[in-house]
$ cat upload_23.txt   # compact mmCIF, C-alpha atoms and all ligand atoms
# COMPACT_ATOMS: atom_id res chain seq x y z
CA MET A 1 89.02 29.04 -41.95
CA PRO A 2 87.01 28.34 -38.79
CA ARG A 3 83.98 30.57 -38.25
CA LYS A 4 83.48 32.44 -34.98
CA ALA A 5 80.12 31.79 -33.36
CA LYS A 6 78.37 32.65 -30.13
CA ALA A 7 77.14 29.45 -28.50
CA ALA A 8 75.34 28.23 -25.36
CA LEU A 9 77.55 25.78 -23.46
CA CYS A 10 77.25 23.53 -20.46
CA ARG A 11 80.64 23.48 -18.72
CA ALA A 12 79.68 21.79 -15.44
CA HIS A 13 76.61 19.86 -14.33
CA ASN A 14 73.96 21.85 -12.47
CA THR A 15 75.55 25.22 -13.20
CA PRO A 16 73.98 27.93 -15.39
CA VAL A 17 74.52 27.81 -19.14
CA VAL A 18 77.33 30.06 -20.37
CA VAL A 19 77.42 31.95 -23.65
CA GLU A 20 80.86 31.99 -25.27
CA SER A 21 82.48 32.66 -28.60
CA ILE A 22 83.57 29.35 -30.15
CA ALA A 23 85.39 28.37 -33.36
CA VAL A 24 83.44 26.19 -35.80
CA ASP A 25 85.56 24.33 -38.38
CA PRO A 26 84.48 24.12 -42.00
CA PRO A 27 82.84 20.85 -43.10
CA LYS A 28 84.93 17.77 -43.85
CA ARG A 29 83.80 15.06 -46.27
CA GLY A 30 80.11 14.28 -45.84
CA GLU A 31 79.52 17.29 -43.60
CA VAL A 32 77.71 20.62 -43.83
CA THR A 33 78.05 23.94 -42.01
CA VAL A 34 74.72 25.57 -41.17
CA LYS A 35 74.07 29.19 -40.19
CA LEU A 36 71.39 28.80 -37.53
CA GLY A 37 68.13 30.71 -37.76
CA ALA A 38 66.51 29.35 -34.60
CA CYS A 39 66.94 26.70 -31.93
CA GLY A 40 64.23 25.54 -29.52
CA VAL A 41 65.03 24.98 -25.85
CA CYS A 42 64.04 21.40 -25.05
CA HIS A 43 63.93 19.70 -21.67
CA SER A 44 66.50 17.22 -22.98
CA ASP A 45 69.04 20.08 -23.17
CA LEU A 46 68.26 20.76 -19.52
CA SER A 47 68.70 17.05 -18.80
CA ALA A 48 72.23 17.26 -20.23
CA ILE A 49 72.89 20.11 -17.78
CA THR A 50 71.56 18.15 -14.80
CA GLY A 51 73.34 14.96 -15.91
CA THR A 52 70.09 12.97 -16.42
CA ILE A 53 71.28 12.60 -20.00
CA ALA A 54 75.00 11.89 -19.59
CA LEU A 55 77.06 13.57 -22.31
CA PRO A 56 80.72 14.57 -21.97
CA LEU A 57 81.36 18.22 -21.05
CA PRO A 58 82.05 20.92 -22.11
CA LEU A 59 79.05 20.59 -24.40
CA VAL A 60 77.49 22.85 -27.03
CA LEU A 61 73.76 22.52 -26.32
CA GLY A 62 70.89 22.50 -28.81
CA HIS A 63 69.30 19.91 -31.07
CA GLU A 64 65.98 21.50 -32.08
CA GLY A 65 67.49 23.70 -34.77
CA ALA A 66 66.77 25.14 -38.19
CA GLY A 67 68.93 27.26 -40.44
CA VAL A 68 70.45 27.89 -43.84
CA VAL A 69 73.25 25.85 -45.42
CA GLU A 70 76.42 27.94 -45.40
CA GLU A 71 79.02 25.50 -46.78
CA VAL A 72 78.89 21.95 -48.08
CA GLY A 73 81.76 19.47 -47.70
CA GLU A 74 83.03 17.05 -50.35
CA GLY A 75 80.79 14.16 -51.31
CA VAL A 76 77.55 15.70 -50.03
CA SER A 77 74.64 15.34 -52.41
CA GLY A 78 71.17 16.82 -52.12
CA LEU A 79 72.20 19.92 -50.15
CA ALA A 80 73.58 23.22 -51.45
CA LYS A 81 74.48 26.62 -50.03
CA GLY A 82 71.30 28.57 -49.31
CA ASP A 83 69.07 25.53 -48.70
CA HIS A 84 66.88 25.69 -45.60
CA VAL A 85 67.25 22.73 -43.26
CA VAL A 86 65.95 21.33 -39.99
CA PHE A 87 68.36 19.40 -37.77
CA SER A 88 67.59 15.78 -36.96
CA PHE A 89 69.26 14.70 -33.72
CA ILE A 90 69.43 11.03 -34.67
CA TYR A 91 72.19 9.77 -36.88
CA MET A 92 70.99 7.12 -39.32
CA CYS A 93 73.55 4.93 -41.04
CA GLY A 94 70.98 3.76 -43.59
CA LYS A 95 72.49 0.25 -43.61
CA CYS A 96 71.80 -1.48 -40.29
CA ARG A 97 68.77 -3.75 -39.86
CA PHE A 98 66.78 -1.01 -38.12
CA CYS A 99 67.50 1.69 -40.71
CA VAL A 100 66.67 -0.74 -43.50
CA ALA A 101 63.43 -1.68 -41.76
CA GLY A 102 62.39 2.00 -41.61
CA ARG A 103 63.12 2.49 -37.91
CA PRO A 104 66.13 4.85 -37.95
CA VAL A 105 65.52 6.00 -34.36
CA LEU A 106 66.90 2.57 -33.40
CA CYS A 107 69.98 2.81 -35.70
CA LEU A 108 72.83 0.71 -34.35
CA GLU A 109 75.42 3.34 -35.31
CA GLN A 110 73.81 6.13 -33.32
CA GLY A 111 76.27 6.13 -30.44
CA LYS A 112 79.09 6.89 -32.90
CA ALA A 113 77.76 10.33 -33.80
CA LEU A 114 76.47 11.40 -30.41
CA THR A 115 78.91 14.20 -29.57
CA THR A 116 80.78 14.79 -32.85
CA PRO A 117 80.00 14.38 -36.55
CA LEU A 118 80.15 10.72 -37.60
CA GLU A 119 83.84 10.92 -38.51
CA GLY A 120 84.48 11.05 -34.76
CA THR A 121 86.55 14.17 -34.17
CA PRO A 122 85.21 17.53 -32.91
CA ARG A 123 84.60 20.48 -35.24
CA VAL A 124 84.19 23.04 -32.46
CA ARG A 125 86.63 24.53 -29.96
CA ASP A 126 86.44 27.19 -27.28
CA ALA A 127 88.60 30.34 -27.19
CA ALA A 128 91.42 28.42 -25.48
CA GLY A 129 91.39 25.79 -28.27
CA THR A 130 89.76 23.06 -26.13
CA PRO A 131 87.57 20.73 -28.20
CA LEU A 132 83.84 20.76 -27.35
CA SER A 133 81.19 18.04 -27.55
CA ILE A 134 77.97 18.72 -29.45
CA PHE A 135 74.53 17.62 -28.20
CA SER A 136 73.32 14.57 -30.16
CA GLY A 137 75.46 15.29 -33.21
CA CYS A 138 73.94 18.79 -33.50
CA GLY A 139 75.20 21.54 -31.13
CA ALA A 140 72.58 23.81 -32.69
CA MET A 141 72.45 26.43 -29.93
CA ALA A 142 75.15 28.35 -31.76
CA GLU A 143 75.36 30.81 -34.62
CA TYR A 144 77.03 28.12 -36.77
CA ALA A 145 77.17 24.32 -36.57
CA THR A 146 79.09 21.76 -38.64
CA VAL A 147 77.33 18.40 -38.69
CA SER A 148 77.03 15.20 -40.73
CA ALA A 149 74.82 15.74 -43.78
CA GLU A 150 72.58 12.88 -42.58
CA ASN A 151 71.57 15.05 -39.62
CA LEU A 152 69.96 17.66 -41.88
CA ILE A 153 66.57 17.56 -43.62
CA PRO A 154 65.85 20.11 -46.37
CA ILE A 155 62.61 22.06 -46.00
CA ASP A 156 60.49 24.57 -47.92
CA PRO A 157 62.19 28.00 -47.54
CA LYS A 158 58.76 29.63 -47.15
CA ILE A 159 58.45 28.20 -43.64
CA PRO A 160 59.73 30.54 -40.89
CA LEU A 161 62.82 29.02 -39.31
CA ASP A 162 61.59 29.47 -35.72
CA CYS A 163 58.50 27.37 -36.44
CA ALA A 164 60.47 24.85 -38.51
CA ALA A 165 62.99 24.34 -35.66
CA LEU A 166 60.27 22.89 -33.41
CA VAL A 167 59.82 20.01 -35.84
CA GLY A 168 63.45 19.06 -35.11
CA CYS A 169 62.44 17.66 -31.71
CA GLY A 170 59.39 18.56 -29.61
CA VAL A 171 56.72 18.54 -32.31
CA THR A 172 57.88 15.41 -34.13
CA THR A 173 58.42 13.66 -30.78
CA GLY A 174 54.88 14.47 -29.61
CA VAL A 175 52.89 14.21 -32.83
CA GLY A 176 54.96 11.22 -33.94
CA ALA A 177 54.24 9.39 -30.67
CA VAL A 178 50.54 9.73 -31.53
CA PHE A 179 50.76 8.98 -35.28
CA ASN A 180 53.59 6.46 -35.47
CA THR A 181 54.07 4.83 -32.06
CA ALA A 182 50.50 4.63 -30.76
CA ARG A 183 48.54 5.05 -34.01
CA VAL A 184 45.75 6.74 -32.08
CA GLU A 185 42.35 5.97 -33.57
CA PRO A 186 39.55 8.47 -34.20
CA GLY A 187 37.00 8.62 -31.42
CA SER A 188 39.43 7.40 -28.76
CA SER A 189 40.30 8.86 -25.36
CA VAL A 190 43.81 10.06 -24.59
CA ALA A 191 45.50 11.17 -21.36
CA VAL A 192 48.66 13.30 -21.52
CA PHE A 193 50.94 13.71 -18.50
CA GLY A 194 53.05 16.88 -18.75
CA CYS A 195 52.17 19.84 -20.97
CA GLY A 196 55.52 21.24 -22.09
CA GLY A 197 56.55 21.49 -25.75
CA VAL A 198 56.38 17.70 -26.07
CA GLY A 199 53.10 17.08 -24.22
CA LEU A 200 51.34 19.95 -26.01
CA SER A 201 52.46 18.37 -29.29
CA VAL A 202 50.95 15.05 -28.20
CA ILE A 203 47.72 16.95 -27.52
CA GLN A 204 47.81 18.54 -30.98
CA GLY A 205 48.58 15.19 -32.58
CA ALA A 206 45.69 13.54 -30.75
CA ARG A 207 43.34 16.30 -31.88
CA ILE A 208 44.46 15.89 -35.50
CA ALA A 209 44.09 12.09 -35.19
CA GLY A 210 40.46 12.63 -34.19
CA ALA A 211 40.60 11.69 -30.51
CA GLU A 212 37.28 12.37 -28.80
CA ARG A 213 38.55 13.03 -25.27
CA ILE A 214 41.97 14.54 -24.57
CA ILE A 215 42.75 14.86 -20.88
CA ALA A 216 45.74 17.03 -19.98
CA ILE A 217 47.50 16.56 -16.62
CA ASP A 218 50.05 19.06 -15.30
CA THR A 219 51.10 20.43 -11.94
CA LEU A 220 50.96 24.00 -13.27
CA GLU A 221 47.58 25.64 -13.86
CA ALA A 222 49.00 27.86 -16.63
CA LYS A 223 50.08 24.76 -18.59
CA LEU A 224 46.54 23.39 -18.43
CA GLU A 225 45.24 26.65 -19.90
CA MET A 226 47.72 26.24 -22.77
CA ALA A 227 46.65 22.60 -23.17
CA LYS A 228 43.03 23.68 -23.76
CA LYS A 229 44.17 25.98 -26.57
CA PHE A 230 45.87 23.03 -28.32
CA GLY A 231 42.88 20.70 -28.04
CA ALA A 232 42.57 19.30 -24.51
CA THR A 233 38.91 18.63 -23.69
CA ASP A 234 39.52 18.06 -19.96
CA THR A 235 42.25 19.02 -17.51
CA VAL A 236 43.50 17.58 -14.23
CA LEU A 237 45.63 19.52 -11.78
CA PRO A 238 46.85 16.79 -9.42
CA ARG A 239 47.13 17.66 -5.75
CA LYS A 240 49.31 15.84 -3.27
CA ASP A 241 47.88 12.39 -2.46
CA ASP A 242 45.47 12.43 -5.44
CA ASP A 243 45.12 9.06 -7.13
CA VAL A 244 45.34 10.35 -10.70
CA ALA A 245 44.89 6.90 -12.27
CA LYS A 246 41.61 6.53 -10.41
CA MET A 247 40.52 10.04 -11.41
CA LEU A 248 41.21 9.25 -15.07
CA LYS A 249 39.32 5.95 -14.87
CA LYS A 250 36.34 7.80 -13.47
CA LEU A 251 36.50 10.56 -16.09
CA THR A 252 36.51 8.06 -18.95
CA SER A 253 34.34 5.28 -17.49
CA GLY A 254 37.07 2.67 -17.27
CA GLY A 255 40.26 4.42 -18.34
CA PRO A 256 41.61 6.21 -21.43
CA ASP A 257 42.51 4.14 -24.50
CA TYR A 258 45.96 5.74 -24.54
CA ALA A 259 48.15 7.57 -22.01
CA PHE A 260 51.35 9.45 -22.81
CA GLU A 261 53.96 10.20 -20.14
CA CYS A 262 55.74 13.41 -21.22
CA VAL A 263 57.56 14.34 -18.00
CA GLY A 264 60.32 11.78 -17.44
CA SER A 265 59.23 9.97 -14.26
CA GLY A 266 59.03 6.25 -13.57
CA GLU A 267 56.26 6.86 -11.09
CA LEU A 268 54.15 8.74 -13.65
CA ALA A 269 54.81 5.99 -16.21
CA GLY A 270 53.31 3.58 -13.66
CA THR A 271 50.33 5.91 -13.15
CA ALA A 272 49.81 6.13 -16.92
CA TYR A 273 49.85 2.33 -17.15
CA ARG A 274 47.42 1.93 -14.24
CA ALA A 275 45.07 4.52 -15.73
CA ILE A 276 44.55 2.99 -19.18
CA ARG A 277 41.58 0.74 -19.85
CA ARG A 278 41.79 -2.98 -20.48
CA GLY A 279 43.68 -3.50 -23.74
CA GLY A 280 44.96 0.10 -23.55
CA LEU A 281 48.36 1.49 -24.47
CA ALA A 282 50.65 3.61 -22.27
CA VAL A 283 53.55 5.35 -24.04
CA VAL A 284 56.57 6.73 -22.18
CA VAL A 285 57.98 9.74 -24.02
CA GLY A 286 59.67 11.55 -21.11
CA VAL A 287 63.30 10.69 -20.39
CA ALA A 288 63.77 9.66 -16.75
CA LYS A 289 67.01 9.48 -14.75
CA PRO A 290 69.07 6.34 -15.47
CA SER A 291 68.40 5.09 -11.90
CA ASP A 292 64.61 5.50 -12.20
CA SER A 293 62.32 2.51 -12.71
CA THR A 294 58.65 1.67 -13.19
CA ALA A 295 56.66 -1.07 -11.51
CA VAL A 296 53.53 -2.64 -12.96
CA ARG A 297 51.28 -5.30 -11.45
CA THR A 298 52.46 -8.25 -13.52
CA MET A 299 49.09 -9.96 -13.46
CA THR A 300 47.46 -7.06 -15.32
CA LEU A 301 49.61 -7.85 -18.36
CA PRO A 302 47.88 -11.15 -19.21
CA PHE A 303 44.48 -10.50 -17.66
CA GLU A 304 44.00 -6.97 -18.99
CA GLU A 305 46.22 -7.17 -22.09
CA LYS A 306 47.64 -3.74 -21.38
CA THR A 307 50.77 -2.46 -23.13
CA LEU A 308 53.51 -0.23 -21.74
CA THR A 309 55.92 0.99 -24.38
CA GLY A 310 58.20 3.90 -25.22
CA SER A 311 58.61 6.32 -28.08
CA TYR A 312 61.91 7.83 -29.19
CA PHE A 313 61.69 10.92 -31.42
CA GLY A 314 58.11 9.99 -32.28
CA SER A 315 59.31 6.74 -33.92
CA CYS A 316 59.90 9.01 -36.89
CA VAL A 317 61.65 8.75 -40.21
CA PRO A 318 62.86 12.35 -40.41
CA ARG A 319 62.74 12.53 -44.21
CA VAL A 320 59.13 11.37 -44.16
CA ASP A 321 57.84 12.93 -40.96
CA PHE A 322 59.40 16.42 -41.01
CA PRO A 323 57.74 17.29 -44.33
CA ARG A 324 54.53 15.67 -43.04
CA MET A 325 54.53 17.88 -39.90
CA LEU A 326 55.31 20.97 -41.95
CA ALA A 327 52.52 20.18 -44.43
CA LEU A 328 50.08 20.04 -41.51
CA TYR A 329 51.46 23.40 -40.38
CA MET A 330 51.08 24.93 -43.86
CA ALA A 331 47.50 23.62 -43.98
CA GLY A 332 46.77 25.41 -40.69
CA ARG A 333 46.15 22.17 -38.79
CA LEU A 334 49.32 22.06 -36.68
CA GLN A 335 49.99 25.17 -34.63
CA LEU A 336 53.71 25.91 -34.41
CA ASN A 337 53.86 29.67 -33.98
CA GLU A 338 51.40 29.34 -31.07
CA LEU A 339 53.80 26.93 -29.34
CA ILE A 340 56.46 29.63 -29.10
CA THR A 341 55.78 31.53 -25.89
CA ARG A 342 58.98 33.57 -26.00
CA ARG A 343 61.92 34.24 -28.32
CA TYR A 344 65.42 34.88 -26.90
CA SER A 345 68.73 36.10 -28.28
CA ILE A 346 71.69 33.73 -27.82
CA ASP A 347 72.96 36.06 -25.07
CA GLN A 348 69.69 35.37 -23.21
CA ALA A 349 70.21 31.57 -23.24
CA PRO A 350 70.63 31.42 -19.42
CA GLN A 351 67.23 33.13 -19.05
CA ALA A 352 65.69 30.73 -21.57
CA PHE A 353 66.80 27.77 -19.44
CA ALA A 354 65.61 29.42 -16.22
CA ASP A 355 62.19 29.93 -17.86
CA LEU A 356 62.10 26.29 -19.02
CA GLU A 357 62.87 25.09 -15.51
CA ALA A 358 60.18 27.33 -14.05
CA GLY A 359 57.65 26.04 -16.62
CA ARG A 360 56.96 29.52 -17.99
CA ASN A 361 56.91 28.54 -21.67
CA ALA A 362 55.12 26.16 -23.99
CA ARG A 363 58.38 26.43 -25.91
CA GLY A 364 61.15 29.01 -25.69
CA VAL A 365 63.14 29.52 -28.90
CA ILE A 366 66.55 31.13 -29.39
CA VAL A 367 66.56 33.17 -32.59
CA PHE A 368 69.75 34.19 -34.36
N1 LIG B 1 61.32 10.50 -26.28
C1 LIG B 1 61.94 11.47 -26.92
O1 LIG B 1 62.43 11.28 -28.03
C2 LIG B 1 62.04 12.82 -26.31
C3 LIG B 1 62.31 13.95 -27.12
C4 LIG B 1 62.29 15.21 -26.53
C5 LIG B 1 62.07 15.36 -25.18
N2 LIG B 1 61.86 14.23 -24.43
C6 LIG B 1 61.59 14.31 -23.00
O2 LIG B 1 60.22 14.63 -22.83
C7 LIG B 1 60.05 15.29 -21.56
C8 LIG B 1 59.27 16.58 -21.76
O3 LIG B 1 60.04 17.50 -22.51
P1 LIG B 1 59.54 19.03 -22.65
O4 LIG B 1 60.58 19.70 -23.46
O5 LIG B 1 58.14 19.06 -23.06
O6 LIG B 1 59.67 19.49 -21.12
P2 LIG B 1 59.01 20.74 -20.35
O7 LIG B 1 59.88 20.97 -19.17
O8 LIG B 1 58.75 21.85 -21.30
O9 LIG B 1 57.59 20.17 -19.88
C9 LIG B 1 57.41 19.27 -18.83
C10 LIG B 1 56.02 19.52 -18.22
O10 LIG B 1 55.77 18.52 -17.23
C11 LIG B 1 55.09 19.15 -16.15
N3 LIG B 1 55.24 18.29 -14.97
C12 LIG B 1 56.29 18.19 -14.13
N4 LIG B 1 56.04 17.29 -13.15
C13 LIG B 1 54.78 16.81 -13.38
C14 LIG B 1 53.96 15.86 -12.74
N5 LIG B 1 54.38 15.21 -11.65
N6 LIG B 1 52.73 15.61 -13.24
C15 LIG B 1 52.29 16.27 -14.35
N7 LIG B 1 53.05 17.18 -15.02
C16 LIG B 1 54.28 17.45 -14.54
C17 LIG B 1 55.75 20.51 -16.06
O11 LIG B 1 54.95 21.44 -15.33
C18 LIG B 1 55.89 20.87 -17.53
O12 LIG B 1 54.75 21.56 -18.02
C19 LIG B 1 61.46 15.45 -20.99
O13 LIG B 1 61.73 14.36 -20.15
C20 LIG B 1 62.33 15.37 -22.24
O14 LIG B 1 63.65 14.98 -21.93
C21 LIG B 1 61.81 12.99 -24.97
ZN ZN B 2 64.52 17.61 -27.59
ZN ZN B 3 71.41 2.37 -38.97
$ encode --input "upload_23.txt" --output "C-alpha cells"
Amino acid sequence: MPRKAKAALCRAHNTPVVVESIAVDPPKRGEVTVKLGACGVCHSDLSAITGTIALPLPLVLGHEGAGVVEEVGEGVSGLAKGDHVVFSFIYMCGKCRFCVAGRPVLCLEQGKALTTPLEGTPRVRDAAGTPLSIFSGCGAMAEYATVSAENLIPIDPKIPLDCAALVGCGVTTGVGAVFNTARVEPGSSVAVFGCGGVGLSVIQGARIAGAERIIAIDTLEAKLEMAKKFGATDTVLPRKDDDVAKMLKKLTSGGPDYAFECVGSGELAGTAYRAIRRGGLAVVVGVAKPSDSTAVRTMTLPFEEKTLTGSYFGSCVPRVDFPRMLALYMAGRLQLNELITRRYSIDQAPQAFADLEAGRNARGVIVF
C-alpha cells in the first residue's frame, strides 16, 4: 500500500513551493522507504525552482535529509527497519572506474538515478495520480521517501536527526571541499566567498584543518557575524566597485593560499582565482547558471602556477565522510546545531524558501 505524505513540491519554475499530500509507493527490489525526521533547505533546492539546476517538474524537493528506515525492499542488505540514516544525493554504482577509484561523486551512472530510484520509474504520485520527479534521487522534503538503498548511509541513532541531516549536503560539501578537494594545510590562509550553509561549513572545516587566517566575504553583514562564530578571523563586506581580489591580496600580503567560491557565480570564481597567491588553489563549490562562465588571464597559469578547480559534494565518499563529520560533531569540534537558525514544519516550506532567498538563515531545516 502506498503511504500518504505531505511534501514540498516545485510545480513551475520561479513560483512558490507548494505543500501537497502525495502517495509514496513501498520499496521495490534494492530500495528502502524512509520516514523523514528532518530535511535541510539548501540553495540547490532553490536552484531547481529557478531552473539553474534543470530537473523535470513537478519535482519533490529535498536532498539534505535524515530519518528512520520504515520498510526495506527485497535484496537490501545492511539496512533494517528502525535504522537511522542520512540521505546521500549521489548515486554510486560501485563498479565504474570512478567508483572503483574512490571518487563516487564522479560516478558514470549518476544521471540514471537523478529523478527516480535507479530502476528508473517513479515511486511518488500526486493526488491526481501524476508521477513526480524526486530531487537527485532523494525527494527528502516529504514525510516519507522511497529511494535506492545506495542513497542511504546508516548513522548512530544517538545523533539528533536535524543535525545529522546537514551532513547529507551542506556540511559534507563545505568541510569536504577543505579536507578532500583542497587538503588545506595547517597555518594557511583561506578566503571564503558566500557564508550560507555551505560557506560556513568551509569556514568550520578550515578552522578544524588548522588554517591561520580565515577571511569571510559576504554581501550581508549578518552573515559575516555568523562567519565569525564559526571561525572566521577577518571579514569583508564588499561594496559596489570594490576590487575584492586586491583587498584580499593586501590583507594576506600576496593573496590567500586557498579561496572557496560558495555562491554560484562565474565572476566570483574569477575573483577567487585572481585573489590567491602564486601557487594557490581556488575551488568553485557554488553552482552557477549553465550559461555562466569564468575568465582567467591565461598567462597566470604557467607563470604563477595557480589552480582553479571545482568540488562536488566535498569530493566525498559518503560511507567514509558522513561518519567522519558526525564523529567531529560528537567530539564537539564541528558545530551542527549552531548552523540551524530556524526549524520549520513541512507546511511552512514556502516560508523556509523565502527565508533562504532573503539570506536570513545559516541553515533552515524542515522537521517532521
Ligand atoms: N558543489 C556542491 O556539491 C554543492 C552542494 C550544495 C550546494 N552547492 C551550491 O553552493 C552554493 C551555496 O549554497 P548555500 O546553500 O550555502 O546557499 P545560501 O543561499 O545559504 O548562501 C549563499 C550566500 O552567498 C552570499 N552571497 C550572495 N552573493 C554574494 C556575493 N556577490 N559575494 C559574496 N557573497 C554573496 C549570500 O548572502 C549568502 O549568504 C549554491 O550555489 C549551491 O547550489 C554546491
Ligand atoms: Zn544541497
Ligand atoms: Zn560508478
$ closest_residue --input "upload_23.txt" --among "A:Ala140, A:Cys195, A:Leu237, A:Val190" --to "Gly280 (chain A)" --atoms "all atoms listed in the file"
A:Val190
$ residues_near_ligand --input "upload_23.txt" --ligand "ligand ZN 3 (chain B)" --cutoff "10 Å" --atoms "all atoms listed in the file" --output "list in words"
Ile90, Tyr91, Met92, Cys93, Gly94, Lys95, Cys96, Arg97, Phe98, Cys99, Val100, Ala101, Gly102, Arg103, Pro104, Val105, Leu106, Cys107, Leu108, Glu109 and Gln110 of chain A
$ closest_residue --input "upload_23.txt" --among "A:Thr50, A:Thr235, A:Ser293, A:Thr298" --to "Pro16 (chain A)" --atoms "all atoms listed in the file"
A:Thr50
$ atom_distance --input "upload_23.txt" --atom1 "atom O5 of ligand LIG 1 (chain B)" --atom2 "CA of Gly187 (chain A)"
25.0 Å
$ atom_distance --input "upload_23.txt" --atom1 "atom C19 of ligand LIG 1 (chain B)" --atom2 "CA of Met247 (chain A)"
23.7 Å
$ residues_near_ligand --input "upload_23.txt" --ligand "ligand ZN 2 (chain B)" --cutoff "7 Å" --atoms "all atoms listed in the file" --output "number ranges by chain"
A: 42-45, 63-64, 169-170
$ residues_near_ligand --input "upload_23.txt" --ligand "ligand LIG 1 (chain B)" --cutoff "6 Å" --atoms "all atoms listed in the file" --output "count of residues only"
29
$ closest_residue --input "upload_23.txt" --among "A:Gly51, A:Pro27, A:Gly310, A:Pro238" --to "Val72 (chain A)" --atoms "only C-alpha atoms"
A:Pro27
$ atom_distance --input "upload_23.txt" --atom1 "CA of Glu357 (chain A)" --atom2 "CA of Ile49 (chain A)"
11.4 Å
$ closest_residue --input "upload_23.txt" --among "A:Leu224, A:Val68, A:Leu79, A:Arg278" --to "Pro157 (chain A)" --atoms "only C-alpha atoms"
A:Val68
$ residues_around --input "upload_23.txt" --residues "region 239-246 of chain A" --least-positions-apart "5" --cutoff "7 Å" --atoms "only C-alpha atoms" --output "list of chain:residue names"
A:Thr271, A:Ala272, A:Arg274, A:Ala275
$ closest_residue --input "upload_23.txt" --among "A:Ser88, A:Thr115, A:Asn151, A:Gln351" --to "Phe322 (chain A)" --atoms "all atoms listed in the file"
A:Ser88
$ closest_residue --input "upload_23.txt" --among "A:Leu166, A:Val76, A:Val19, A:Ala12" --to "Gly364 (chain A)" --atoms "all atoms listed in the file"
A:Leu166
$ residues_around --input "upload_23.txt" --residues "Arg207 (chain A)" --least-positions-apart "6" --cutoff "12 Å" --atoms "all atoms listed in the file" --output "count of residues only"
27
$ residues_around --input "upload_23.txt" --residues "Gly266 (chain A)" --least-positions-apart "6" --cutoff "7 Å" --atoms "all atoms listed in the file" --output "short mmCIF file (atom, residue, chain, number, x, y, z; two decimals) with C-alpha atoms, in the coordinates of the input"
data_model
loop_
_atom_site.label_atom_id
_atom_site.label_comp_id
_atom_site.auth_asym_id
_atom_site.auth_seq_id
_atom_site.Cartn_x
_atom_site.Cartn_y
_atom_site.Cartn_z
CA ALA A 288 63.77 9.66 -16.75
CA ASP A 292 64.61 5.50 -12.20
CA SER A 293 62.32 2.51 -12.71
CA THR A 294 58.65 1.67 -13.19
#
$ residues_near_point --input "upload_23.txt" --point "(59.3, 32.8, -24.7)" --cutoff "6 Å" --atoms "only C-alpha atoms" --output "PyMOL selection string"
chain A and resi 341-343+361+364
$ decode --input "upload_23.txt" --residues "region 317-345 of chain A" --atoms "C-alpha atoms" --output "mmCIF file, in the first residue's frame"
data_model
loop_
_atom_site.group_PDB
_atom_site.id
_atom_site.type_symbol
_atom_site.label_atom_id
_atom_site.label_comp_id
_atom_site.auth_asym_id
_atom_site.auth_seq_id
_atom_site.Cartn_x
_atom_site.Cartn_y
_atom_site.Cartn_z
ATOM 1 C CA VAL A 317 32.894 9.064 -0.164
ATOM 2 C CA PRO A 318 29.638 9.154 1.803
ATOM 3 C CA ARG A 319 30.321 5.949 3.736
ATOM 4 C CA VAL A 320 33.665 7.322 4.859
ATOM 5 C CA ASP A 321 32.933 11.021 5.196
ATOM 6 C CA PHE A 322 29.471 11.067 6.827
ATOM 7 C CA PRO A 323 30.701 9.107 9.862
ATOM 8 C CA ARG A 324 33.839 11.282 9.877
ATOM 9 C CA MET A 325 31.752 14.502 10.000
ATOM 10 C CA LEU A 326 29.494 13.063 12.691
ATOM 11 C CA ALA A 327 32.494 11.956 14.783
ATOM 12 C CA LEU A 328 33.774 15.544 14.687
ATOM 13 C CA TYR A 329 30.306 16.665 15.784
ATOM 14 C CA MET A 330 30.207 14.149 18.649
ATOM 15 C CA ALA A 331 33.661 15.324 19.735
ATOM 16 C CA GLY A 332 32.360 18.904 19.889
ATOM 17 C CA ARG A 333 34.624 20.120 17.086
ATOM 18 C CA LEU A 334 32.046 20.528 14.315
ATOM 19 C CA GLN A 335 29.078 22.709 15.203
ATOM 20 C CA LEU A 336 25.885 21.421 13.601
ATOM 21 C CA ASN A 337 23.154 22.570 15.962
ATOM 22 C CA GLU A 338 24.583 26.107 15.748
ATOM 23 C CA LEU A 339 24.174 26.015 11.953
ATOM 24 C CA ILE A 340 20.401 25.662 12.297
ATOM 25 C CA THR A 341 18.996 29.172 12.539
ATOM 26 C CA ARG A 342 15.371 28.116 12.284
ATOM 27 C CA ARG A 343 13.253 24.958 12.210
ATOM 28 C CA TYR A 344 10.054 24.796 10.108
ATOM 29 C CA SER A 345 7.132 22.403 9.785
#
